[in-house]
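See structure below.
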Amino acid sequence: MSRRRFIAGVVLAVTPLGATASAQEYKAQQTTKVTPIGYLSGPSLSANAARIEAFRQGLRELSYVEGKNIVIEWRSADGKLDRLPALAAELVRLKVAVIVTSGGAPTRRAKEATSTIPIVMTNDPDPVGDGFVASLARPGGNITGLSTFAPELSGKRLEILREVVPKLSRVAVLGSSTSTGYAQTLKEWTCPGLIDTWVKVPPRSVPAVARTLAD
């Protein structure tokens with residue numbers, strides 16, 4: 001099963017399609033009730049265009065089409081993450097049937113906004129460490145979805161890199177201490193028995209990253 005069909009399937013599994021609630025702008029003009037789905041993103045929608053189209057395609061493959069039997073309420077913080085709480089609260093006020101989140105920050109704000117509306121996370125590196133779910137096998141609560149397993153895979157990637165370049169003795173890791181799953185990822189990268197790992201964590205700005213790369 002493809003990733004897009006899996007995500008679409010999870011969304012539909014937790015969404016009461018055919019529910020009586022409809023999106024705000026459709027209430028006055030639709031005679032057929034449609035089910036509202038909320039989509040909450042930190043980056044701009046254009047930055048996630050490929051993923052968004054894959055999500056739409058996955059829904060279409062399961063016979064759910066925007067404007068026909070579902071409507072998607074798109075909300076993006078356009079990179080300004082302090083806007084996420086208000087956007088999440090807006091989706092809750094719209095009474096969407098489910099909220100799809102595109103990362104750790106949107107998932108956290110959606111979780112803070114509601115404990116009853118199902119939340120489907122599509123791209124979180126460490127949902128257990130972030131406190132979103134009790135475990136991957138038994139999430140509990142109102143959150144489910146996909147994990148990228150970023151922390152767990154970090155050490156394995158380093159091992160593969162060492163096999164490809166046997167003489168490798170020093171690696172520079174460029175990351176952000178505010179990224180979700182960072183602590184566990186750092187632990188995996190600096191695991192004894194691998195290689196001497198050098199980590200620099202610059203502020204989130206283009207000039208800072210450029211200076212770090214130049215060092």
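Within each chain, counting starts at residue 1; across the structure tokens, chains are named A, B, ... in the order shown, with ligands numbered 1 upward in that order.
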### Task
Might you pull out every residue within 12 Å of Met121 in chain A, with only C-alpha atoms counted and same-chain residues fewer than 2 positions away left off, and present them as a PyMOL selection string?
chain A and resi 6-8+10-11+38-41+98-111+118-119+123-127+132-133+139+142-148
### Backbone-only DSSP, alpha helix (DSSP H) members of range 33-193 of chain A, as a PyMOL selection string
chain A and resi 49-61+84-93+104-113+150-164+182-189
### Distance in Å - CA of Ala86 in chain A versus CA of Glu112 in chain A
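CA of Glu112 in chain A lies 10.9 Å from CA of Ala86 in chain A.
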